[in-house]
Structures are given as structure tokens and as C-alpha cells.
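So this one's coords19.txt, compact mmCIF, N, CA and C atoms:
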```txt
# COMPACT_ATOMS: atom_id res chain seq x y z
N MET T 2 11.44 2.74 21.75
CA MET T 2 11.31 2.73 20.30
C MET T 2 12.23 3.82 19.74
N THR T 3 13.03 3.43 18.78
CA THR T 3 13.95 4.38 18.18
C THR T 3 13.20 5.31 17.22
N PRO T 4 13.79 6.44 16.89
CA PRO T 4 13.11 7.35 15.95
C PRO T 4 12.89 6.74 14.57
N VAL T 5 13.78 5.85 14.15
CA VAL T 5 13.60 5.21 12.84
C VAL T 5 12.39 4.30 12.86
N HIS T 6 12.26 3.48 13.91
CA HIS T 6 11.11 2.60 14.02
C HIS T 6 9.81 3.41 14.16
N PHE T 7 9.88 4.50 14.89
CA PHE T 7 8.71 5.34 15.05
C PHE T 7 8.27 5.96 13.72
N SER T 8 9.24 6.39 12.91
CA SER T 8 8.87 7.03 11.64
C SER T 8 8.25 6.02 10.68
N PHE T 9 8.78 4.80 10.63
CA PHE T 9 8.20 3.81 9.72
C PHE T 9 6.86 3.30 10.21
N SER T 10 6.72 3.13 11.51
CA SER T 10 5.42 2.68 12.02
C SER T 10 4.37 3.78 11.88
N SER T 11 4.78 5.04 12.06
CA SER T 11 3.81 6.13 11.88
C SER T 11 3.46 6.31 10.41
N ALA T 12 4.40 6.10 9.48
CA ALA T 12 4.09 6.17 8.05
C ALA T 12 3.11 5.06 7.66
N PHE T 13 3.31 3.88 8.20
CA PHE T 13 2.39 2.77 7.92
C PHE T 13 1.01 3.06 8.50
N MET T 14 0.96 3.58 9.72
CA MET T 14 -0.32 3.87 10.35
C MET T 14 -1.05 5.02 9.65
N LEU T 15 -0.30 6.02 9.16
CA LEU T 15 -0.94 7.10 8.40
C LEU T 15 -1.55 6.58 7.10
N GLY T 16 -0.85 5.68 6.43
CA GLY T 16 -1.41 5.06 5.22
C GLY T 16 -2.63 4.23 5.53
N LEU T 17 -2.60 3.51 6.64
CA LEU T 17 -3.74 2.70 7.05
C LEU T 17 -4.93 3.57 7.43
N MET T 18 -4.67 4.67 8.13
CA MET T 18 -5.75 5.58 8.50
C MET T 18 -6.32 6.28 7.26
N GLY T 19 -5.47 6.64 6.31
CA GLY T 19 -5.95 7.22 5.08
C GLY T 19 -6.80 6.25 4.29
N LEU T 20 -6.42 4.98 4.30
CA LEU T 20 -7.20 3.96 3.62
C LEU T 20 -8.53 3.72 4.31
N THR T 21 -8.53 3.84 5.63
CA THR T 21 -9.74 3.59 6.40
C THR T 21 -10.73 4.75 6.34
N PHE T 22 -10.24 5.96 6.52
CA PHE T 22 -11.14 7.10 6.69
C PHE T 22 -11.39 7.90 5.42
N HIS T 23 -10.52 7.83 4.43
CA HIS T 23 -10.68 8.66 3.23
C HIS T 23 -10.90 7.76 2.03
N ARG T 24 -12.10 7.17 1.96
CA ARG T 24 -12.40 6.21 0.93
C ARG T 24 -13.37 6.75 -0.10
N THR T 25 -13.11 7.90 -0.65
CA THR T 25 -14.03 8.43 -1.64
C THR T 25 -13.65 8.00 -3.05
N HIS T 26 -12.37 7.98 -3.38
CA HIS T 26 -11.93 7.63 -4.73
C HIS T 26 -11.04 6.40 -4.67
N LEU T 27 -11.09 5.63 -5.72
CA LEU T 27 -10.25 4.43 -5.82
C LEU T 27 -8.78 4.81 -5.93
N LEU T 28 -8.48 5.91 -6.57
CA LEU T 28 -7.09 6.34 -6.72
C LEU T 28 -6.48 6.70 -5.37
N SER T 29 -7.22 7.34 -4.48
CA SER T 29 -6.69 7.66 -3.16
C SER T 29 -6.47 6.40 -2.33
N ALA T 30 -7.33 5.40 -2.50
CA ALA T 30 -7.13 4.13 -1.80
C ALA T 30 -5.87 3.43 -2.31
N LEU T 31 -5.65 3.47 -3.62
CA LEU T 31 -4.44 2.86 -4.18
C LEU T 31 -3.17 3.58 -3.73
N LEU T 32 -3.24 4.91 -3.62
CA LEU T 32 -2.07 5.66 -3.14
C LEU T 32 -1.77 5.35 -1.68
N CYS T 33 -2.79 5.18 -0.87
CA CYS T 33 -2.57 4.80 0.53
C CYS T 33 -1.95 3.41 0.63
N LEU T 34 -2.41 2.48 -0.21
CA LEU T 34 -1.81 1.15 -0.22
C LEU T 34 -0.35 1.20 -0.65
N GLU T 35 -0.03 2.03 -1.63
CA GLU T 35 1.36 2.14 -2.07
C GLU T 35 2.23 2.78 -0.99
N GLY T 36 1.70 3.73 -0.26
CA GLY T 36 2.45 4.31 0.85
C GLY T 36 2.73 3.30 1.94
N MET T 37 1.75 2.44 2.21
CA MET T 37 1.96 1.39 3.20
C MET T 37 3.02 0.40 2.74
N MET T 38 2.96 0.02 1.48
CA MET T 38 3.95 -0.93 0.96
C MET T 38 5.35 -0.32 0.92
N LEU T 39 5.43 0.96 0.63
CA LEU T 39 6.74 1.62 0.61
C LEU T 39 7.35 1.68 2.00
N SER T 40 6.53 1.97 3.01
CA SER T 40 7.06 2.00 4.37
C SER T 40 7.47 0.60 4.82
N LEU T 41 6.72 -0.43 4.42
CA LEU T 41 7.11 -1.80 4.75
C LEU T 41 8.40 -2.20 4.04
N PHE T 42 8.57 -1.78 2.79
CA PHE T 42 9.79 -2.11 2.06
C PHE T 42 11.02 -1.47 2.70
N ILE T 43 10.91 -0.21 3.05
CA ILE T 43 12.06 0.47 3.67
C ILE T 43 12.36 -0.12 5.03
N ALA T 44 11.33 -0.45 5.80
CA ALA T 44 11.55 -1.05 7.11
C ALA T 44 12.21 -2.42 6.99
N LEU T 45 11.76 -3.23 6.03
CA LEU T 45 12.38 -4.55 5.84
C LEU T 45 13.81 -4.43 5.33
N ALA T 46 14.06 -3.47 4.47
CA ALA T 46 15.42 -3.29 3.96
C ALA T 46 16.37 -2.86 5.08
N LEU T 47 15.92 -1.95 5.92
CA LEU T 47 16.78 -1.53 7.04
C LEU T 47 16.94 -2.64 8.07
N TRP T 48 15.92 -3.46 8.24
CA TRP T 48 16.02 -4.58 9.17
C TRP T 48 17.01 -5.61 8.66
N ALA T 49 17.01 -5.87 7.35
CA ALA T 49 17.97 -6.80 6.76
C ALA T 49 19.39 -6.25 6.87
N LEU T 50 19.55 -4.95 6.70
CA LEU T 50 20.89 -4.36 6.86
C LEU T 50 21.35 -4.38 8.31
N GLN T 51 20.43 -4.25 9.23
CA GLN T 51 20.77 -4.24 10.64
C GLN T 51 21.23 -5.62 11.11
N PHE T 52 20.58 -6.68 10.64
CA PHE T 52 20.95 -8.03 11.06
C PHE T 52 22.12 -8.59 10.27
N GLU T 53 22.42 -8.04 9.10
CA GLU T 53 23.53 -8.44 8.25
C GLU T 53 23.51 -9.93 7.91
N THR T 54 22.34 -10.42 7.57
CA THR T 54 22.22 -11.81 7.15
C THR T 54 21.93 -11.85 5.65
N THR T 55 22.51 -12.80 4.97
CA THR T 55 22.31 -12.90 3.53
C THR T 55 21.00 -13.60 3.20
N GLY T 56 20.50 -14.43 4.09
CA GLY T 56 19.25 -15.14 3.83
C GLY T 56 18.03 -14.24 3.86
N PHE T 57 18.09 -13.18 4.64
CA PHE T 57 16.94 -12.29 4.79
C PHE T 57 17.00 -11.12 3.82
N SER T 58 18.07 -10.99 3.07
CA SER T 58 18.21 -9.83 2.19
C SER T 58 17.31 -9.91 0.96
N THR T 59 16.74 -11.07 0.66
CA THR T 59 15.85 -11.17 -0.49
C THR T 59 14.41 -10.79 -0.16
N ALA T 60 14.06 -10.72 1.11
CA ALA T 60 12.68 -10.41 1.51
C ALA T 60 12.23 -9.01 1.05
N PRO T 61 13.06 -7.96 1.17
CA PRO T 61 12.59 -6.66 0.66
C PRO T 61 12.37 -6.64 -0.85
N MET T 62 13.21 -7.34 -1.59
CA MET T 62 13.03 -7.38 -3.04
C MET T 62 11.78 -8.17 -3.44
N LEU T 63 11.48 -9.21 -2.69
CA LEU T 63 10.27 -9.98 -2.93
C LEU T 63 9.03 -9.14 -2.62
N LEU T 64 9.09 -8.38 -1.54
CA LEU T 64 7.98 -7.48 -1.20
C LEU T 64 7.82 -6.40 -2.25
N LEU T 65 8.91 -5.89 -2.77
CA LEU T 65 8.84 -4.88 -3.82
C LEU T 65 8.24 -5.45 -5.12
N ALA T 66 8.55 -6.69 -5.43
CA ALA T 66 7.96 -7.32 -6.61
C ALA T 66 6.45 -7.51 -6.44
N PHE T 67 6.03 -7.96 -5.26
CA PHE T 67 4.60 -8.10 -5.00
C PHE T 67 3.89 -6.75 -4.99
N SER T 68 4.58 -5.73 -4.52
CA SER T 68 4.00 -4.38 -4.51
C SER T 68 3.82 -3.86 -5.93
N ALA T 69 4.75 -4.16 -6.81
CA ALA T 69 4.61 -3.74 -8.21
C ALA T 69 3.46 -4.48 -8.88
N CYS T 70 3.29 -5.76 -8.57
CA CYS T 70 2.16 -6.51 -9.13
C CYS T 70 0.84 -5.98 -8.59
N GLU T 71 0.81 -5.61 -7.32
CA GLU T 71 -0.40 -5.05 -6.72
C GLU T 71 -0.74 -3.71 -7.34
N ALA T 72 0.28 -2.90 -7.61
CA ALA T 72 0.05 -1.59 -8.22
C ALA T 72 -0.47 -1.73 -9.64
N SER T 73 0.07 -2.66 -10.40
CA SER T 73 -0.40 -2.83 -11.78
C SER T 73 -1.83 -3.38 -11.82
N ALA T 74 -2.16 -4.29 -10.92
CA ALA T 74 -3.53 -4.79 -10.87
C ALA T 74 -4.50 -3.70 -10.43
N GLY T 75 -4.07 -2.86 -9.49
CA GLY T 75 -4.91 -1.76 -9.04
C GLY T 75 -5.16 -0.74 -10.13
N LEU T 76 -4.12 -0.42 -10.89
CA LEU T 76 -4.30 0.53 -11.99
C LEU T 76 -5.16 -0.04 -13.11
N ALA T 77 -5.04 -1.33 -13.34
CA ALA T 77 -5.91 -1.96 -14.35
C ALA T 77 -7.37 -1.91 -13.91
N LEU T 78 -7.61 -2.16 -12.62
CA LEU T 78 -8.98 -2.05 -12.10
C LEU T 78 -9.48 -0.62 -12.14
N LEU T 79 -8.59 0.33 -11.88
CA LEU T 79 -8.97 1.74 -11.94
C LEU T 79 -9.38 2.13 -13.36
N VAL T 80 -8.62 1.72 -14.35
CA VAL T 80 -8.95 2.04 -15.74
C VAL T 80 -10.24 1.36 -16.16
N ALA T 81 -10.41 0.09 -15.78
CA ALA T 81 -11.63 -0.62 -16.14
C ALA T 81 -12.85 0.00 -15.47
N THR T 82 -12.70 0.42 -14.23
CA THR T 82 -13.82 1.05 -13.52
C THR T 82 -14.15 2.40 -14.12
N ALA T 83 -13.13 3.17 -14.47
CA ALA T 83 -13.37 4.48 -15.06
C ALA T 83 -14.02 4.36 -16.43
N ARG T 84 -13.70 3.32 -17.16
CA ARG T 84 -14.31 3.13 -18.48
C ARG T 84 -15.77 2.68 -18.38
N THR T 85 -16.06 1.79 -17.45
CA THR T 85 -17.42 1.26 -17.38
C THR T 85 -18.37 2.18 -16.62
N HIS T 86 -17.91 2.78 -15.52
CA HIS T 86 -18.78 3.61 -14.69
C HIS T 86 -18.61 5.10 -14.92
N GLY T 87 -17.54 5.52 -15.56
CA GLY T 87 -17.31 6.92 -15.83
C GLY T 87 -16.66 7.68 -14.70
N THR T 88 -16.42 7.04 -13.57
CA THR T 88 -15.79 7.69 -12.42
C THR T 88 -15.08 6.65 -11.59
N ASP T 89 -14.22 7.13 -10.68
CA ASP T 89 -13.52 6.20 -9.80
C ASP T 89 -14.00 6.32 -8.36
N ARG T 90 -15.15 6.92 -8.17
CA ARG T 90 -15.71 7.04 -6.82
C ARG T 90 -16.15 5.67 -6.32
N LEU T 91 -15.81 5.37 -5.09
CA LEU T 91 -16.13 4.05 -4.55
C LEU T 91 -17.60 3.91 -4.18
N GLN T 92 -18.32 5.02 -4.06
CA GLN T 92 -19.74 4.93 -3.74
C GLN T 92 -20.56 4.41 -4.93
N ASN T 93 -20.05 4.60 -6.13
CA ASN T 93 -20.77 4.16 -7.32
C ASN T 93 -20.56 2.68 -7.61
N LEU T 94 -19.61 2.04 -6.94
CA LEU T 94 -19.34 0.63 -7.20
C LEU T 94 -20.24 -0.24 -6.34
N ASN T 95 -20.86 -1.24 -6.95
CA ASN T 95 -21.74 -2.15 -6.25
C ASN T 95 -21.51 -3.53 -6.82
N LEU T 96 -21.15 -4.49 -5.98
CA LEU T 96 -20.89 -5.83 -6.47
C LEU T 96 -22.15 -6.57 -6.83
N LEU T 97 -23.30 -6.12 -6.33
CA LEU T 97 -24.55 -6.81 -6.62
C LEU T 97 -25.08 -6.50 -8.01
N GLN T 98 -24.54 -5.48 -8.66
CA GLN T 98 -24.99 -5.10 -9.99
C GLN T 98 -24.14 -5.69 -11.11
N CYS T 99 -23.22 -6.54 -10.81
CA CYS T 99 -22.34 -7.10 -11.85
C CYS T 99 -23.07 -8.01 -12.80
```

Write-out of the structure in C-alpha cells:
Amino acid sequence: MTPVHFSFSSAFMLGLMGLTFHRTHLLSALLCLEGMMLSLFIALALWALQFETTGFSTAPMLLLAFSACEASAGLALLVATARTHGTDRLQNLNLLQC
């Protein structure tokens, strides 16, 4: 495994571990998701540059567009949760009380 592959896989795994083990606030979960998407975007962009194919060069931009949509939906949920519950703590959220 090259150092570049190791750095991107470790960045993805750190984001995944942060999402798994540090789930107190919704904002921290969203930041971990964005870190994972950023590491995937950079890895896909470098992979497309390494293979030098024009057909695969649109995949990183498509992933970046989906990541922006995911971030906007997450922030909208964060604002809605903060307005209705008064906090963004995940322990206060319960789907059975909707």
C-alpha cells in the first residue's frame, strides 16, 4: 500500500470511527460524514488522474455534487432539530415521539 492510499484510507476510517464512537451531537456526526466524503472525493480524483481516462473523470464531480446535497440536507435537519428540540444532542431525538 502506497503512502497516498494509506493516508486516504486512514482519513476515511478516522471519519467512520468518529461517526461510530462520538455520537453526542448531530453537528459532530455531520462533520464526520463530510470528512469521509472529502477523503472519498480526493481519492477518486487522484484515481481518475492516475488512470488518465476521460470517462472516469466525471465521477469525482458527481460525488462532490451529491456531497453538497447531503451537506445541505444535513444542515436543514440540524436547524429544524435545534428549533423544535432546543438542542442538537442525538440522545434527545426519538422517532417514536413524532

>> Which residues are near region 23-40 of chain T? Cut-off 6 Å, all atoms listed in the file, ignore same chain within fewer than 4 positions. Put them as an NGL selection string.
In response: :T and (9 or 12-13 or 16 or 18-19 or 44-45 or 89-92)

>> According to DSSP computed on the backbone, where in chain T is there alpha helix (DSSP H)? Give the residues as a ChimeraX atom specification.
In response: /T:4-22,27-52,60-86

>> Just to confirm, what's the straight-line distance from CA of Ala46 (chain T) to atom N of Met2 (chain T) in Å (one decimal)?
In response: 19.2 Å

> Do you have the CA of Thr88 (chain T)-CA of Leu76 (chain T) distance handy?
Replying inline: 13.5 Å

> Which value, in Å to one decimal, gives the distance between CA of Trp48 (chain T) and atom N of Phe7 (chain T)?
Replying inline: 12.4 Å

Reconstruct N, CA, C and O atoms of region 37-51 of chain T from the incomplete input and present them as an mmCIF file, in the frame of the given file.
```cif
data_model
loop_
_atom_site.group_PDB
_atom_site.id
_atom_site.type_symbol
_atom_site.label_atom_id
_atom_site.label_comp_id
_atom_site.auth_asym_id
_atom_site.auth_seq_id
_atom_site.Cartn_x
_atom_site.Cartn_y
_atom_site.Cartn_z
ATOM 1 N N MET T 37 1.750 2.440 2.210
ATOM 2 C CA MET T 37 1.960 1.390 3.200
ATOM 3 C C MET T 37 3.020 0.400 2.740
ATOM 4 O O MET T 37 3.884 -0.013 3.526
ATOM 5 N N MET T 38 2.960 0.020 1.480
ATOM 6 C CA MET T 38 3.950 -0.930 0.960
ATOM 7 C C MET T 38 5.350 -0.320 0.920
ATOM 8 O O MET T 38 6.338 -1.011 1.165
ATOM 9 N N LEU T 39 5.430 0.960 0.630
ATOM 10 C CA LEU T 39 6.740 1.620 0.610
ATOM 11 C C LEU T 39 7.350 1.680 2.000
ATOM 12 O O LEU T 39 8.547 1.431 2.177
ATOM 13 N N SER T 40 6.530 1.970 3.010
ATOM 14 C CA SER T 40 7.060 2.000 4.370
ATOM 15 C C SER T 40 7.470 0.600 4.820
ATOM 16 O O SER T 40 8.489 0.435 5.506
ATOM 17 N N LEU T 41 6.720 -0.430 4.420
ATOM 18 C CA LEU T 41 7.110 -1.800 4.750
ATOM 19 C C LEU T 41 8.400 -2.200 4.040
ATOM 20 O O LEU T 41 9.257 -2.881 4.632
ATOM 21 N N PHE T 42 8.570 -1.780 2.790
ATOM 22 C CA PHE T 42 9.790 -2.110 2.060
ATOM 23 C C PHE T 42 11.020 -1.470 2.700
ATOM 24 O O PHE T 42 12.043 -2.135 2.892
ATOM 25 N N ILE T 43 10.910 -0.210 3.050
ATOM 26 C CA ILE T 43 12.060 0.470 3.670
ATOM 27 C C ILE T 43 12.360 -0.120 5.030
ATOM 28 O O ILE T 43 13.532 -0.309 5.399
ATOM 29 N N ALA T 44 11.330 -0.450 5.800
ATOM 30 C CA ALA T 44 11.550 -1.050 7.110
ATOM 31 C C ALA T 44 12.210 -2.420 6.990
ATOM 32 O O ALA T 44 13.144 -2.736 7.745
ATOM 33 N N LEU T 45 11.760 -3.230 6.030
ATOM 34 C CA LEU T 45 12.380 -4.550 5.840
ATOM 35 C C LEU T 45 13.810 -4.430 5.330
ATOM 36 O O LEU T 45 14.682 -5.223 5.716
ATOM 37 N N ALA T 46 14.060 -3.470 4.470
ATOM 38 C CA ALA T 46 15.420 -3.290 3.960
ATOM 39 C C ALA T 46 16.370 -2.860 5.080
ATOM 40 O O ALA T 46 17.496 -3.358 5.171
ATOM 41 N N LEU T 47 15.920 -1.950 5.920
ATOM 42 C CA LEU T 47 16.780 -1.530 7.040
ATOM 43 C C LEU T 47 16.940 -2.640 8.070
ATOM 44 O O LEU T 47 17.995 -2.764 8.698
ATOM 45 N N TRP T 48 15.920 -3.460 8.240
ATOM 46 C CA TRP T 48 16.020 -4.580 9.170
ATOM 47 C C TRP T 48 17.010 -5.610 8.660
ATOM 48 O O TRP T 48 17.802 -6.168 9.414
ATOM 49 N N ALA T 49 17.010 -5.870 7.350
ATOM 50 C CA ALA T 49 17.970 -6.800 6.760
ATOM 51 C C ALA T 49 19.390 -6.250 6.870
ATOM 52 O O ALA T 49 20.346 -7.008 7.102
ATOM 53 N N LEU T 50 19.550 -4.950 6.700
ATOM 54 C CA LEU T 50 20.890 -4.360 6.860
ATOM 55 C C LEU T 50 21.350 -4.380 8.310
ATOM 56 O O LEU T 50 22.543 -4.521 8.597
ATOM 57 N N GLN T 51 20.430 -4.250 9.230
ATOM 58 C CA GLN T 51 20.770 -4.240 10.640
ATOM 59 C C GLN T 51 21.230 -5.620 11.110
ATOM 60 O O GLN T 51 22.182 -5.739 11.881
#
```
